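Okay, structure first, notes after.
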Amino acid sequence: MTLKSDEKKYLLKLARETLEKHFKGEKELVPKKVPFDSLKKEAGTFVTLTENGELRGCIGHIIPVNPIYIDVVENTLSAALRTLGSK
């Protein structure tokens, strides 16, 4: 699936808002309305987060498990907060 520029911009905004809402302690992170029907379809998604040009986290699904917009919210939180193992 190829996304249009405005759909990509929306998903980037959604990822940023997800983190802002999470750190403000808000509970409702998934938007009730999504402006693009294409983002309501299931598809594999990946979210990559960087901080000061360095990789912060990257996680996603190759196989579709949720509508795109929901997957972006969940993967954003996982990429930002999830740690596996210990160093």
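Labeling convention for the structure tokens: chains A, B, ... as they appear, residues from 1 per chain, ligands from 1 in order of appearance.
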Quick one: everything within 12 Å of Leu11 in chain A, counting only C-alpha atoms, minus sequence neighbours fewer than 5 positions away in the same chain. Send it as a short mmCIF file (atom, residue, chain, number, x, y, z; two decimals) with N, CA and C atoms, in the first residue's frame.
```cif
data_model
loop_
_atom_site.label_atom_id
_atom_site.label_comp_id
_atom_site.auth_asym_id
_atom_site.auth_seq_id
_atom_site.Cartn_x
_atom_site.Cartn_y
_atom_site.Cartn_z
N LEU A 3 1.00 5.27 0.56
CA LEU A 3 0.25 6.37 1.16
C LEU A 3 0.54 7.67 0.44
N LYS A 4 -0.45 8.52 0.41
CA LYS A 4 -0.29 9.86 -0.17
C LYS A 4 0.39 10.77 0.85
N SER A 5 0.91 11.88 0.37
CA SER A 5 1.64 12.82 1.21
C SER A 5 0.82 13.29 2.41
N ASP A 6 -0.45 13.61 2.19
CA ASP A 6 -1.28 14.10 3.30
C ASP A 6 -1.57 13.00 4.32
N ARG A 16 3.34 11.90 16.92
CA ARG A 16 3.81 12.95 17.84
C ARG A 16 2.77 13.25 18.91
N GLU A 17 1.52 13.36 18.51
CA GLU A 17 0.45 13.63 19.48
C GLU A 17 0.29 12.47 20.46
N THR A 18 0.50 11.26 19.98
CA THR A 18 0.41 10.09 20.86
C THR A 18 1.40 10.21 22.01
N VAL A 30 -6.03 6.88 21.08
CA VAL A 30 -6.49 6.55 19.73
C VAL A 30 -7.56 7.55 19.32
N PRO A 31 -7.39 8.21 18.17
CA PRO A 31 -8.39 9.20 17.76
C PRO A 31 -9.74 8.55 17.45
N VAL A 34 -10.84 9.59 12.05
CA VAL A 34 -9.66 9.56 11.20
C VAL A 34 -10.07 10.14 9.85
N PRO A 35 -9.32 11.15 9.35
CA PRO A 35 -9.76 11.85 8.14
C PRO A 35 -9.58 11.08 6.83
N PHE A 36 -8.94 9.92 6.87
CA PHE A 36 -8.70 9.17 5.65
C PHE A 36 -9.19 7.73 5.80
N SER A 38 -8.48 5.30 3.98
CA SER A 38 -7.36 4.39 3.69
C SER A 38 -6.62 3.98 4.96
N LEU A 39 -6.61 4.84 5.98
CA LEU A 39 -5.90 4.54 7.21
C LEU A 39 -6.70 3.66 8.16
N LYS A 40 -7.94 3.37 7.76
CA LYS A 40 -8.78 2.46 8.55
C LYS A 40 -8.60 1.02 8.09
N THR A 45 2.70 -2.05 9.58
CA THR A 45 3.26 -0.72 9.82
C THR A 45 4.52 -0.81 10.67
N PHE A 46 5.38 0.17 10.51
CA PHE A 46 6.57 0.32 11.36
C PHE A 46 6.68 1.77 11.78
N VAL A 47 7.12 1.98 12.99
CA VAL A 47 7.37 3.33 13.50
C VAL A 47 8.83 3.37 13.93
N ILE A 68 -4.37 0.81 10.21
CA ILE A 68 -3.10 1.53 10.18
C ILE A 68 -3.01 2.55 11.32
N TYR A 69 -4.04 3.36 11.51
CA TYR A 69 -3.95 4.43 12.51
C TYR A 69 -3.80 3.87 13.93
N ILE A 70 -4.43 2.76 14.23
CA ILE A 70 -4.30 2.14 15.55
C ILE A 70 -2.91 1.54 15.71
N ASP A 71 -2.42 0.91 14.66
CA ASP A 71 -1.09 0.32 14.70
C ASP A 71 -0.02 1.39 14.92
N VAL A 72 -0.20 2.54 14.31
CA VAL A 72 0.77 3.62 14.49
C VAL A 72 0.79 4.09 15.94
N VAL A 73 -0.36 4.23 16.55
CA VAL A 73 -0.42 4.63 17.96
C VAL A 73 0.29 3.59 18.83
N ASN A 75 2.48 1.20 17.97
CA ASN A 75 3.90 1.06 17.67
C ASN A 75 4.70 2.28 18.14
N THR A 76 4.09 3.44 18.12
CA THR A 76 4.76 4.64 18.64
C THR A 76 5.07 4.46 20.11
#
```
Surrounding residues of Gly44 in chain A excluding itself and chain neighbours under 4 positions, 10 Å, only C-alpha atoms, as a PyMOL selection string: chain A and resi 1+60-68+71-72
Prev. selection, N, CA, C and O atoms, output as a JSON list (two decimals), in the first residue's frame:
```json
[["chain", "number", "residue", "atom", "x", "y", "z"],
["A", 1, "MET", "N", 0.85, -1.18, 0.00],
["A", 1, "MET", "CA", 0.00, 0.00, 0.00],
["A", 1, "MET", "C", 0.89, 1.23, 0.00],
["A", 1, "MET", "O", 1.82, 1.34, 0.80],
["A", 60, "GLY", "N", 7.38, -2.63, 14.72],
["A", 60, "GLY", "CA", 6.23, -2.68, 13.84],
["A", 60, "GLY", "C", 5.77, -4.10, 13.59],
["A", 60, "GLY", "O", 6.21, -5.05, 14.25],
["A", 61, "HIS", "N", 4.87, -4.21, 12.62],
["A", 61, "HIS", "CA", 4.29, -5.49, 12.23],
["A", 61, "HIS", "C", 4.39, -5.64, 10.72],
["A", 61, "HIS", "O", 3.98, -4.74, 9.99],
["A", 62, "ILE", "N", 4.90, -6.76, 10.28],
["A", 62, "ILE", "CA", 4.92, -7.06, 8.84],
["A", 62, "ILE", "C", 3.53, -7.49, 8.40],
["A", 62, "ILE", "O", 3.05, -7.09, 7.36],
["A", 63, "ILE", "N", 2.90, -8.28, 9.23],
["A", 63, "ILE", "CA", 1.57, -8.80, 8.92],
["A", 63, "ILE", "C", 0.54, -7.86, 9.53],
["A", 63, "ILE", "O", 0.66, -7.44, 10.69],
["A", 64, "PRO", "N", -0.50, -7.51, 8.78],
["A", 64, "PRO", "CA", -1.53, -6.62, 9.31],
["A", 64, "PRO", "C", -2.21, -7.21, 10.54],
["A", 64, "PRO", "O", -2.61, -8.37, 10.54],
["A", 65, "VAL", "N", -2.31, -6.40, 11.59],
["A", 65, "VAL", "CA", -2.99, -6.84, 12.81],
["A", 65, "VAL", "C", -4.07, -5.84, 13.25],
["A", 65, "VAL", "O", -4.95, -6.20, 14.02],
["A", 66, "ASN", "N", -3.98, -4.61, 12.80],
["A", 66, "ASN", "CA", -4.92, -3.55, 13.18],
["A", 66, "ASN", "C", -5.07, -2.59, 12.01],
["A", 66, "ASN", "O", -4.23, -2.57, 11.11],
["A", 67, "PRO", "N", -6.08, -1.73, 12.08],
["A", 67, "PRO", "CA", -6.10, -0.62, 11.13],
["A", 67, "PRO", "C", -4.82, 0.21, 11.28],
["A", 67, "PRO", "O", -4.24, 0.28, 12.37],
["A", 68, "ILE", "N", -4.37, 0.81, 10.21],
["A", 68, "ILE", "CA", -3.10, 1.53, 10.18],
["A", 68, "ILE", "C", -3.01, 2.55, 11.32],
["A", 68, "ILE", "O", -2.01, 2.60, 12.04],
["A", 71, "ASP", "N", -2.42, 0.91, 14.66],
["A", 71, "ASP", "CA", -1.09, 0.32, 14.70],
["A", 71, "ASP", "C", -0.02, 1.39, 14.92],
["A", 71, "ASP", "O", 0.94, 1.16, 15.66],
["A", 72, "VAL", "N", -0.20, 2.54, 14.31],
["A", 72, "VAL", "CA", 0.77, 3.62, 14.49],
["A", 72, "VAL", "C", 0.79, 4.09, 15.94],
["A", 72, "VAL", "O", 1.85, 4.31, 16.52]]
```
Interatomic distance, CA of Ile59 in chain A to CA of Ala79 in chain A (Å, one decimal):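 Here the two named atoms are 5.5 Å from each other.
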Could you tell me, as an mmCIF file with C-alpha atoms, in the first residue's frame, which residues of range 3-33 of chain A DSSP assigns to helix (DSSP H, G or I) when given the backbone?
```cif
data_model
loop_
_atom_site.group_PDB
_atom_site.id
_atom_site.type_symbol
_atom_site.label_atom_id
_atom_site.label_comp_id
_atom_site.auth_asym_id
_atom_site.auth_seq_id
_atom_site.Cartn_x
_atom_site.Cartn_y
_atom_site.Cartn_z
ATOM 1 C CA SER A 5 1.644 12.823 1.214
ATOM 2 C CA ASP A 6 -1.275 14.101 3.299
ATOM 3 C CA GLU A 7 -1.839 10.647 4.796
ATOM 4 C CA LYS A 8 1.840 10.404 5.766
ATOM 5 C CA LYS A 9 1.711 13.865 7.344
ATOM 6 C CA TYR A 10 -1.356 12.847 9.342
ATOM 7 C CA LEU A 11 0.366 9.695 10.640
ATOM 8 C CA LEU A 12 3.464 11.668 11.653
ATOM 9 C CA LYS A 13 1.253 14.144 13.506
ATOM 10 C CA LEU A 14 -0.626 11.228 15.106
ATOM 11 C CA ALA A 15 2.629 9.666 16.336
ATOM 12 C CA ARG A 16 3.813 12.945 17.843
ATOM 13 C CA GLU A 17 0.450 13.628 19.476
ATOM 14 C CA THR A 18 0.406 10.089 20.865
ATOM 15 C CA LEU A 19 3.653 10.705 22.723
ATOM 16 C CA GLU A 20 2.548 14.133 23.936
ATOM 17 C CA LYS A 21 -0.745 12.745 25.246
ATOM 18 C CA HIS A 22 0.967 9.774 26.890
ATOM 19 C CA PHE A 23 3.432 11.940 28.790
ATOM 20 C CA LYS A 24 0.634 14.284 29.867
#
```
Any idea what's packed within 12 Å of Arg56 in chain A, counting only C-alpha atoms, ignoring anything in its chain fewer than 3 positions away? Could you give it as an mmCIF file with C-alpha atoms, in the first residue's frame?
```
data_model
loop_
_atom_site.group_PDB
_atom_site.id
_atom_site.type_symbol
_atom_site.label_atom_id
_atom_site.label_comp_id
_atom_site.auth_asym_id
_atom_site.auth_seq_id
_atom_site.Cartn_x
_atom_site.Cartn_y
_atom_site.Cartn_z
ATOM 1 C CA VAL A 47 7.368 3.328 13.500
ATOM 2 C CA THR A 48 10.935 4.605 13.808
ATOM 3 C CA LEU A 49 11.743 7.216 16.438
ATOM 4 C CA THR A 50 14.919 9.271 16.462
ATOM 5 C CA GLU A 51 16.298 11.703 19.004
ATOM 6 C CA ASN A 52 18.998 14.170 17.980
ATOM 7 C CA GLY A 53 19.532 12.154 14.813
ATOM 8 C CA ILE A 59 9.060 -1.482 16.010
ATOM 9 C CA THR A 76 4.759 4.635 18.637
ATOM 10 C CA LEU A 77 4.302 3.801 22.298
ATOM 11 C CA SER A 78 6.232 0.550 21.958
ATOM 12 C CA ALA A 79 9.127 2.212 20.136
ATOM 13 C CA ALA A 80 9.334 4.941 22.779
ATOM 14 C CA LEU A 81 8.785 2.952 25.943
ATOM 15 C CA ARG A 82 9.498 -0.723 25.483
ATOM 16 C CA THR A 83 12.841 -2.217 26.405
#
```
